[in-house]
$ cat upload-v7.txt   # compact mmCIF, C-alpha atoms
# COMPACT_ATOMS: atom_id res chain seq x y z
CA MET W 772 0.00 0.00 0.00
CA ASN W 773 1.12 3.55 -0.75
CA PHE W 774 0.62 5.77 2.30
CA ARG W 775 1.31 9.07 0.55
CA THR W 776 0.18 10.94 -2.53
CA VAL W 777 2.84 11.18 -5.23
CA VAL W 778 2.92 14.23 -7.47
CA GLU W 779 3.10 13.27 -11.12
CA ILE W 780 5.79 15.20 -13.00
CA GLU W 781 5.58 16.09 -16.67
CA LYS W 782 7.62 13.82 -18.94
CA TYR W 783 10.00 16.44 -20.28
CA LYS W 784 11.28 15.75 -23.79
CA GLU W 785 14.64 17.45 -23.41
CA LYS W 786 16.88 16.34 -20.57
CA ILE W 787 19.81 18.00 -18.83
CA ASP W 788 23.31 16.57 -19.00
CA TYR W 789 26.69 17.86 -17.88
CA SER W 790 27.29 19.72 -21.13
CA LYS W 791 24.44 22.16 -20.37
CA LYS W 792 24.77 25.61 -18.83
CA ILE W 793 22.15 26.31 -16.16
CA MET W 794 21.13 29.66 -14.69
CA LEU W 795 18.87 29.82 -11.64
CA ILE W 796 17.24 32.99 -10.35
CA GLY W 797 14.63 33.76 -7.70
CA SER W 798 13.83 32.96 -4.08
CA CYS W 799 15.90 31.21 -1.42
CA PHE W 800 14.61 27.90 -2.82
CA THR W 801 16.66 28.77 -5.93
CA ASP W 802 19.76 28.86 -3.75
CA ASN W 803 18.92 25.42 -2.31
CA ILE W 804 18.49 23.68 -5.66
CA GLY W 805 21.18 25.71 -7.40
CA GLN W 806 23.65 24.64 -4.74
CA LYS W 807 22.82 21.00 -5.48
CA PHE W 808 23.73 21.51 -9.14
CA ASN W 809 26.89 23.31 -8.07
CA ASP W 810 27.85 20.70 -5.46
CA TYR W 811 27.79 17.99 -8.09
CA PHE W 812 29.86 19.93 -10.62
CA PHE W 813 27.32 21.21 -13.14
CA ASP W 814 28.01 24.48 -14.97
CA VAL W 815 25.68 26.85 -13.10
CA ASP W 816 25.13 30.51 -12.27
CA ILE W 817 23.01 31.01 -9.15
CA ASN W 818 21.12 34.20 -8.28
CA PRO W 819 23.36 36.88 -9.84
CA PHE W 820 21.47 39.55 -7.84
CA GLY W 821 21.13 37.51 -4.68
CA VAL W 822 17.83 36.12 -3.43
CA ILE W 823 14.78 37.72 -5.11
CA TYR W 824 11.22 36.85 -4.17
CA ASN W 825 8.72 38.59 -6.44
CA PRO W 826 8.19 38.18 -10.22
CA GLU W 827 8.54 41.88 -11.01
CA SER W 828 12.03 42.04 -9.48
CA VAL W 829 13.04 38.78 -11.14
CA LEU W 830 11.92 40.22 -14.47
CA ARG W 831 13.83 43.47 -13.98
CA SER W 832 16.95 41.53 -13.01
CA LEU W 833 16.74 39.43 -16.17
CA GLU W 834 16.21 42.57 -18.25
CA ILE W 835 19.37 44.09 -16.75
CA LEU W 836 21.27 40.98 -17.86
CA THR W 837 19.83 40.80 -21.37
CA ASN W 838 20.38 44.54 -21.88
CA ARG W 839 23.82 44.31 -20.25
CA LYS W 840 22.96 47.38 -18.18
CA PHE W 841 25.57 48.26 -15.58
CA LEU W 842 24.77 50.17 -12.42
CA SER W 843 26.22 53.56 -11.47
CA GLU W 844 26.52 55.56 -8.25
CA GLU W 845 23.02 56.94 -8.83
CA ASN W 846 21.63 53.41 -8.42
CA LEU W 847 23.02 53.08 -4.90
CA PHE W 848 21.92 54.55 -1.57
CA PHE W 849 23.68 54.82 1.78
CA ASP W 850 21.94 53.48 4.89
CA ASN W 851 23.00 51.78 8.09
CA GLU W 852 26.68 52.47 7.29
CA ASN W 853 26.47 50.56 4.01
CA TRP W 854 26.11 51.36 0.32
CA GLN W 855 23.26 49.26 -1.03
CA SER W 856 21.19 48.58 -4.13
CA TYR W 857 17.43 48.13 -4.19
CA SER W 858 17.96 45.66 -7.03
CA HIS W 859 20.26 43.42 -4.99
CA HIS W 860 20.41 41.35 -1.85
CA SER W 861 22.44 42.67 1.07
CA ASP W 862 25.20 40.20 0.15
CA PHE W 863 26.33 42.89 -2.29
CA SER W 864 26.34 45.69 0.31
CA SER W 865 29.52 47.25 1.68
CA GLY W 866 30.79 50.34 3.46
CA GLN W 867 32.79 51.16 0.32
CA LYS W 868 30.83 52.47 -2.67
CA ASP W 869 33.46 51.38 -5.22
CA THR W 870 33.48 47.88 -3.75
CA VAL W 871 29.72 47.56 -4.14
CA LEU W 872 29.70 48.81 -7.73
CA ALA W 873 32.59 46.60 -8.74
CA LYS W 874 31.00 43.51 -7.20
CA ILE W 875 27.61 44.25 -8.79
CA ASN W 876 28.89 45.12 -12.26
CA ASN W 877 31.41 42.28 -12.43
CA ARG W 878 28.58 39.89 -11.70
CA ILE W 879 26.29 41.55 -14.27
CA GLU W 880 29.01 41.19 -16.90
CA TYR W 881 29.59 37.52 -16.09
CA SER W 882 25.90 36.60 -15.80
CA SER W 883 24.92 38.53 -18.92
CA ASP W 884 27.34 36.40 -20.96
CA PHE W 885 26.19 33.27 -19.14
CA LEU W 886 22.48 33.91 -19.82
CA GLN W 887 23.01 34.47 -23.54
CA ASP W 888 24.64 31.03 -23.76
CA ALA W 889 22.54 29.21 -21.14
CA ASP W 890 20.72 26.03 -22.08
CA TYR W 891 18.34 26.19 -19.13
CA LEU W 892 16.92 29.02 -17.05
CA PHE W 893 15.20 28.11 -13.77
CA ILE W 894 12.95 30.85 -12.36
CA THR W 895 11.49 30.51 -8.86
CA PHE W 896 8.79 32.85 -7.61
CA GLY W 897 8.33 33.24 -3.87
CA THR W 898 5.53 35.78 -3.47
CA ALA W 899 3.20 37.92 -5.57
CA TRP W 900 3.53 40.78 -3.07
CA VAL W 901 5.80 43.64 -4.12
CA TYR W 902 7.19 46.71 -2.35
CA THR W 903 7.37 49.98 -4.29
CA LEU W 904 9.67 52.78 -3.15
CA ARG W 905 7.43 55.82 -2.74
CA GLU W 906 10.19 58.24 -3.68
CA THR W 907 10.71 56.72 -7.15
CA ASP W 908 7.61 54.55 -7.66
CA ASN W 909 9.93 51.63 -8.52
CA VAL W 910 9.47 48.08 -7.29
CA VAL W 911 12.42 46.98 -5.14
CA ALA W 912 13.92 43.52 -4.90
CA ASN W 913 15.02 44.15 -1.31
CA CYS W 914 13.90 46.73 1.28
CA HIS W 915 17.13 46.28 3.27
CA LYS W 916 15.17 46.49 6.55
CA GLN W 917 14.25 50.12 6.00
CA SER W 918 11.12 51.65 7.49
CA ALA W 919 7.89 50.32 6.01
CA SER W 920 6.73 53.94 5.64
CA LYS W 921 9.12 54.32 2.67
CA PHE W 922 7.26 51.70 0.62
CA ASN W 923 3.85 50.88 -0.76
CA ARG W 924 2.88 47.21 -0.61
CA THR W 925 0.70 45.72 -3.33
CA ARG W 926 -0.01 42.30 -4.82
CA LEU W 927 0.67 41.62 -8.48
CA SER W 928 -2.22 40.36 -10.59
CA VAL W 929 -2.06 37.20 -12.69
CA SER W 930 -1.92 39.22 -15.91
CA GLU W 931 0.79 41.54 -14.58
CA ILE W 932 2.96 38.46 -14.15
CA SER W 933 2.08 36.57 -17.33
CA VAL W 934 1.94 39.39 -19.89
CA LYS W 935 5.31 40.87 -18.92
CA PHE W 936 7.07 37.51 -18.78
CA ILE W 937 5.66 36.36 -22.10
CA ARG W 938 6.96 39.56 -23.67
CA TYR W 939 10.36 39.13 -22.02
CA LEU W 940 10.72 35.46 -22.96
CA GLU W 941 10.00 36.28 -26.59
CA ILE W 942 12.94 38.70 -26.49
CA LEU W 943 15.17 36.22 -24.65
CA LYS W 944 14.43 33.54 -27.24
CA THR W 945 15.66 35.79 -30.05
CA LEU W 946 18.91 36.40 -28.14
CA ASN W 947 19.34 32.77 -27.09
CA PRO W 948 17.33 30.42 -29.35
CA LYS W 949 18.37 27.26 -27.51
CA VAL W 950 17.25 28.29 -24.01
CA LYS W 951 14.62 26.26 -22.13
CA VAL W 952 12.85 27.81 -19.15
CA PHE W 953 11.60 26.04 -16.03
CA PHE W 954 9.34 27.89 -13.60
CA THR W 955 8.88 26.80 -10.01
CA VAL W 956 7.02 28.25 -7.04
CA SER W 957 8.87 28.25 -3.75
CA PRO W 958 7.33 25.91 -1.16
CA VAL W 959 8.45 28.30 1.58
CA ARG W 960 5.37 30.01 3.01
CA HIS W 961 5.41 33.78 3.60
CA TRP W 962 3.74 33.44 6.97
CA LYS W 963 3.98 37.14 7.83
CA ASP W 964 1.37 37.72 5.14
CA GLY W 965 -1.00 35.43 7.03
CA ALA W 966 -2.20 31.98 6.05
CA ILE W 967 -4.93 33.20 3.69
CA GLU W 968 -2.90 35.94 2.01
CA ASN W 969 0.03 33.56 1.56
CA GLN W 970 -2.22 31.09 -0.22
CA ILE W 971 -3.72 33.79 -2.44
CA SER W 972 -0.19 34.92 -3.28
CA LYS W 973 0.99 31.41 -4.17
CA SER W 974 -2.17 30.83 -6.23
CA THR W 975 -1.55 34.06 -8.15
CA LEU W 976 1.97 32.89 -8.98
CA LEU W 977 0.71 29.49 -10.14
CA LEU W 978 -1.96 31.03 -12.37
CA GLY W 979 0.54 33.46 -13.83
CA ILE W 980 2.97 30.65 -14.65
CA SER W 981 0.14 28.60 -16.15
CA GLU W 982 -0.63 31.40 -18.60
CA ILE W 983 3.05 31.76 -19.49
CA ILE W 984 3.66 28.10 -20.29
CA GLU W 985 0.45 27.92 -22.33
CA LYS W 986 1.91 30.54 -24.68
CA MET W 987 5.61 29.59 -24.59
CA ASP W 988 6.39 26.08 -25.85
CA PHE W 989 9.93 26.25 -24.44
CA ALA W 990 8.67 27.09 -20.94
CA HIS W 991 7.75 24.38 -18.42
CA TYR W 992 6.70 24.04 -14.80
CA PHE W 993 8.36 21.90 -12.15
CA PRO W 994 6.03 21.17 -9.21
CA SER W 995 8.34 21.75 -6.24
CA TYR W 996 5.54 23.58 -4.39
CA GLU W 997 3.12 20.68 -4.89
CA ILE W 998 5.71 18.09 -3.89
CA VAL W 999 6.18 19.74 -0.50
CA MET W 1000 2.48 20.46 0.04
CA ASP W 1001 1.26 16.99 -0.94
CA GLU W 1002 4.10 14.47 -0.69
CA LEU W 1003 5.95 15.99 2.27
CA ARG W 1004 3.02 17.23 4.35
CA ASP W 1005 4.73 16.54 7.65
CA TYR W 1006 6.61 18.95 9.92
CA ARG W 1007 9.64 16.67 10.04
CA TYR W 1008 10.40 18.10 6.58
CA TYR W 1009 10.63 21.63 7.94
CA ASP W 1010 13.27 23.60 9.84
CA GLU W 1011 12.76 24.66 13.42
CA ASP W 1012 10.87 27.79 12.32
CA MET W 1013 8.25 25.48 10.78
CA ILE W 1014 8.32 27.68 7.67
CA HIS W 1015 11.49 26.89 5.71
CA ILE W 1016 11.93 23.37 4.41
CA SER W 1017 14.61 21.12 5.86
CA ASN W 1018 17.67 19.69 4.15
CA LYS W 1019 15.85 16.37 3.96
CA ALA W 1020 13.05 18.00 1.96
CA VAL W 1021 15.55 19.72 -0.35
CA ASP W 1022 17.26 16.36 -0.89
CA TYR W 1023 13.94 14.77 -1.85
CA ILE W 1024 13.07 17.53 -4.31
CA TRP W 1025 16.56 17.21 -5.79
CA GLU W 1026 15.92 13.48 -6.20
CA ARG W 1027 12.70 14.22 -8.09
CA ILE W 1028 14.56 16.72 -10.29
CA THR W 1029 17.29 14.26 -11.17
CA GLU W 1030 14.88 11.45 -12.02
CA SER W 1031 12.71 13.67 -14.23
CA LEU W 1032 15.13 16.18 -15.74
CA LEU W 1033 18.53 14.50 -16.08
CA THR W 1034 19.58 12.11 -18.83
CA LYS W 1035 20.48 8.53 -17.93
CA GLY W 1036 24.11 9.32 -18.63
CA ALA W 1037 24.03 12.38 -16.37
CA ASN W 1038 22.45 10.34 -13.58
CA THR W 1039 25.19 7.73 -13.94
CA ASP W 1040 27.92 10.37 -13.76
CA LEU W 1041 26.07 12.06 -10.89
CA LYS W 1042 26.54 8.95 -8.73
CA GLU W 1043 30.31 9.26 -9.18
CA ALA W 1044 30.12 13.02 -8.56
CA VAL W 1045 28.32 12.39 -5.26
CA LYS W 1046 31.14 10.09 -4.13
CA ILE W 1047 33.73 12.73 -5.03
CA LYS W 1048 31.80 15.46 -3.21
CA LYS W 1049 31.65 13.31 -0.07
CA ALA W 1050 35.38 12.67 -0.34
CA LEU W 1051 36.06 16.41 -0.62
CA GLN W 1052 34.07 16.97 2.57
CA HIS W 1053 35.92 14.24 4.46
CA ARG W 1054 37.79 15.36 7.57
CA ALA W 1055 40.65 13.05 8.51
CA SER W 1056 41.64 12.54 12.14
CA ASN W 1057 45.30 12.28 11.16
CA ILE W 1058 46.31 14.08 7.97
CA LYS W 1059 49.84 12.63 8.16
CA SER W 1060 48.79 8.98 8.19
CA ASN W 1061 49.44 6.57 5.32
CA GLU W 1062 45.71 5.86 5.28
CA TYR W 1063 44.95 9.52 4.56
CA HIS W 1064 47.61 9.61 1.82
CA LEU W 1065 45.99 6.62 0.12
CA PHE W 1066 42.60 8.31 0.46
CA LEU W 1067 43.89 11.43 -1.31
CA GLU W 1068 45.41 9.38 -4.12
CA LYS W 1069 42.21 7.37 -4.55
CA THR W 1070 40.05 10.52 -4.67
CA LEU W 1071 42.34 12.24 -7.18
CA LYS W 1072 42.21 9.11 -9.34
CA GLN W 1073 38.39 9.13 -9.20
CA ILE W 1074 38.35 12.80 -10.25
CA LYS W 1075 40.68 12.22 -13.20
CA GLU W 1076 38.75 9.16 -14.35
CA LEU W 1077 35.43 11.02 -14.26
CA LYS W 1078 36.98 14.01 -16.08
CA GLN W 1079 38.31 11.68 -18.76
CA LYS W 1080 34.89 10.04 -19.08
CA ASN W 1081 33.01 13.34 -19.26
CA LYS W 1082 34.95 16.47 -20.19
CA HIS W 1083 32.01 18.75 -19.32
CA ILE W 1084 31.97 18.05 -15.58
CA LYS W 1085 33.34 21.04 -13.67
CA LEU W 1086 36.00 19.21 -11.65
CA GLU W 1087 38.90 21.64 -12.06
CA GLU W 1088 38.70 23.02 -8.52
CA ALA W 1089 38.28 19.58 -7.01
CA GLU W 1090 41.32 18.29 -8.89
CA ALA W 1091 43.40 21.30 -7.87
CA LEU W 1092 42.39 20.88 -4.22
CA MET W 1093 43.31 17.19 -4.11
CA THR W 1094 46.57 17.81 -5.96
CA ALA W 1095 47.52 20.57 -3.50
CA LYS W 1096 46.76 18.31 -0.53
CA LEU W 1097 48.96 15.57 -1.95
CA ILE W 1098 51.82 18.03 -2.58
CA ASN W 1099 51.55 19.34 0.98
CA TYR W 1100 51.23 15.87 2.51
$ encode --input "upload-v7.txt" --output "structure tokens"
Amino acid sequence: MNFRTVVEIEKYKEKIDYSKKIMLIGSCFTDNIGQKFNDYFFDVDINPFGVIYNPESVLRSLEILTNRKFLSEENLFFDNENWQSYSHHSDFSSGQKDTVLAKINNRIEYSSDFLQDADYLFITFGTAWVYTLRETDNVVANCHKQSASKFNRTRLSVSEISVKFIRYLEILKTLNPKVKVFFTVSPVRHWKDGAIENQISKSTLLLGISEIIEKMDFAHYFPSYEIVMDELRDYRYYDEDMIHISNKAVDYIWERITESLLTKGANTDLKEAVKIKKALQHRASNIKSNEYHLFLEKTLKQIKELKQKNKHIKLEEAEALMTAKLINY
């Protein structure tokens, strides 16, 4: 007997392998899944503006990349002893203006090139609620903990999401004809909105995405939200705050992604990549022992064999790390 409901996932025609370039942008759930791709040596670019929750800010971030639009001093503001950008997460903030601009624009340059050559773009929406800076009437990606009185808070409509993204994706497709887009909705609830408003927000996102994928044949939906709500409806799959999902839940969603989106060959190589990642995380009790030396040699051999088998796997850093450890043994 099956004691849980299993979410059926679309049988995607095109699968991901290690030769593909993958960009992921959106909520903190993007970071979770993007890190999985990165951990197992895929070619990825994760959240070039930091974590972004609402569709309008995701769209504006993507437009900055496709237009290769760099920021200037006028796009920054100084608050709480830091220079900050309303388009970026606080990870980009600093007490030095030049440092902030350099970090932001270097990333825009890199991610702009990456997006124009990306095979897959994963977009995760977290909430339909947006904050608009009253002074400029612009939607912000991050309020940077400023007073709520500086912003107006509104909820995007279904059409505001779908119409703008359809228009943008048409442009993106002309710039990068090979790109495939996967939308997801973050399973993390925005509990501060209240239970009802959170559900209305998530429903708005789902309806918006539904309209997009009906019009765009290269756009698809991956049901991460539904997997958590229906398959993992138990608080053991949540962190202590009972809002964010646990590592175990992320692992399960990653498992569903690999079985539905990766090629058989990629899944085979992934098993070897997992072993190498575990070896890289290994902490020896005695780094001068013969046993540890043999472990390093074995791991380096595994890395070289996998690189020889699949030249697209991003194992350069892993190989350099193991080589350095052997030299310093």
$ residues_around --input "upload-v7.txt" --residues "Glu779 of chain W" --least-positions-apart "6" --cutoff "10 Å" --atoms "all atoms listed in the file" --output "list in words"
Pro994, Glu997 and Ile998 of chain W
$ residues_around --input "upload-v7.txt" --residues "Lys1080 of chain W" --least-positions-apart "6" --cutoff "12 Å" --atoms "only C-alpha atoms" --output "list in words"
Tyr789, Gly1036, Ala1037, Thr1039, Asp1040, Glu1043, Ala1044, Gln1073, Ile1074 and Leu1086 of chain W
$ atom_distance --input "upload-v7.txt" --atom1 "atom CA of Met987 of chain W" --atom2 "atom CA of Tyr939 of chain W"
11.0 Å
$ residues_near_point --input "upload-v7.txt" --point "(40.3, 13.1, -5.5)" --cutoff "10 Å" --atoms "only C-alpha atoms" --output "PDB file with C-alpha atoms, keeping the file's coordinate frame"
ATOM      1  CA  LYS W1046      31.140  10.090  -4.130  1.00  0.00           C
ATOM      2  CA  ILE W1047      33.730  12.730  -5.030  1.00  0.00           C
ATOM      3  CA  LYS W1048      31.800  15.460  -3.210  1.00  0.00           C
ATOM      4  CA  ALA W1050      35.380  12.670  -0.340  1.00  0.00           C
ATOM      5  CA  LEU W1051      36.060  16.410  -0.620  1.00  0.00           C
ATOM      6  CA  PHE W1066      42.600   8.310   0.460  1.00  0.00           C
ATOM      7  CA  LEU W1067      43.890  11.430  -1.310  1.00  0.00           C
ATOM      8  CA  GLU W1068      45.410   9.380  -4.120  1.00  0.00           C
ATOM      9  CA  LYS W1069      42.210   7.370  -4.550  1.00  0.00           C
ATOM     10  CA  THR W1070      40.050  10.520  -4.670  1.00  0.00           C
ATOM     11  CA  LEU W1071      42.340  12.240  -7.180  1.00  0.00           C
ATOM     12  CA  LYS W1072      42.210   9.110  -9.340  1.00  0.00           C
ATOM     13  CA  GLN W1073      38.390   9.130  -9.200  1.00  0.00           C
ATOM     14  CA  ILE W1074      38.350  12.800 -10.250  1.00  0.00           C
ATOM     15  CA  LYS W1075      40.680  12.220 -13.200  1.00  0.00           C
ATOM     16  CA  GLU W1076      38.750   9.160 -14.350  1.00  0.00           C
ATOM     17  CA  LEU W1086      36.000  19.210 -11.650  1.00  0.00           C
ATOM     18  CA  ALA W1089      38.280  19.580  -7.010  1.00  0.00           C
ATOM     19  CA  GLU W1090      41.320  18.290  -8.890  1.00  0.00           C
ATOM     20  CA  ALA W1091      43.400  21.300  -7.870  1.00  0.00           C
ATOM     21  CA  LEU W1092      42.390  20.880  -4.220  1.00  0.00           C
ATOM     22  CA  MET W1093      43.310  17.190  -4.110  1.00  0.00           C
ATOM     23  CA  THR W1094      46.570  17.810  -5.960  1.00  0.00           C
ATOM     24  CA  LYS W1096      46.760  18.310  -0.530  1.00  0.00           C
ATOM     25  CA  LEU W1097      48.960  15.570  -1.950  1.00  0.00           C
TER      26      LEU W1097
END
$ residues_around --input "upload-v7.txt" --residues "segment 1081-1084 of chain W" --least-positions-apart "5" --cutoff "7 Å" --atoms "all atoms listed in the file" --output "ChimeraX atom specification"
/W:789-790,812-813
$ write_last_selection --input "upload-v7.txt" --atoms "C-alpha atoms" --output "PDB file, in the frame of the given file"
ATOM      1  CA  TYR W 789      26.690  17.860 -17.880  1.00  0.00           C
ATOM      2  CA  SER W 790      27.290  19.720 -21.130  1.00  0.00           C
ATOM      3  CA  PHE W 812      29.860  19.930 -10.620  1.00  0.00           C
ATOM      4  CA  PHE W 813      27.320  21.210 -13.140  1.00  0.00           C
TER       5      PHE W 813
END
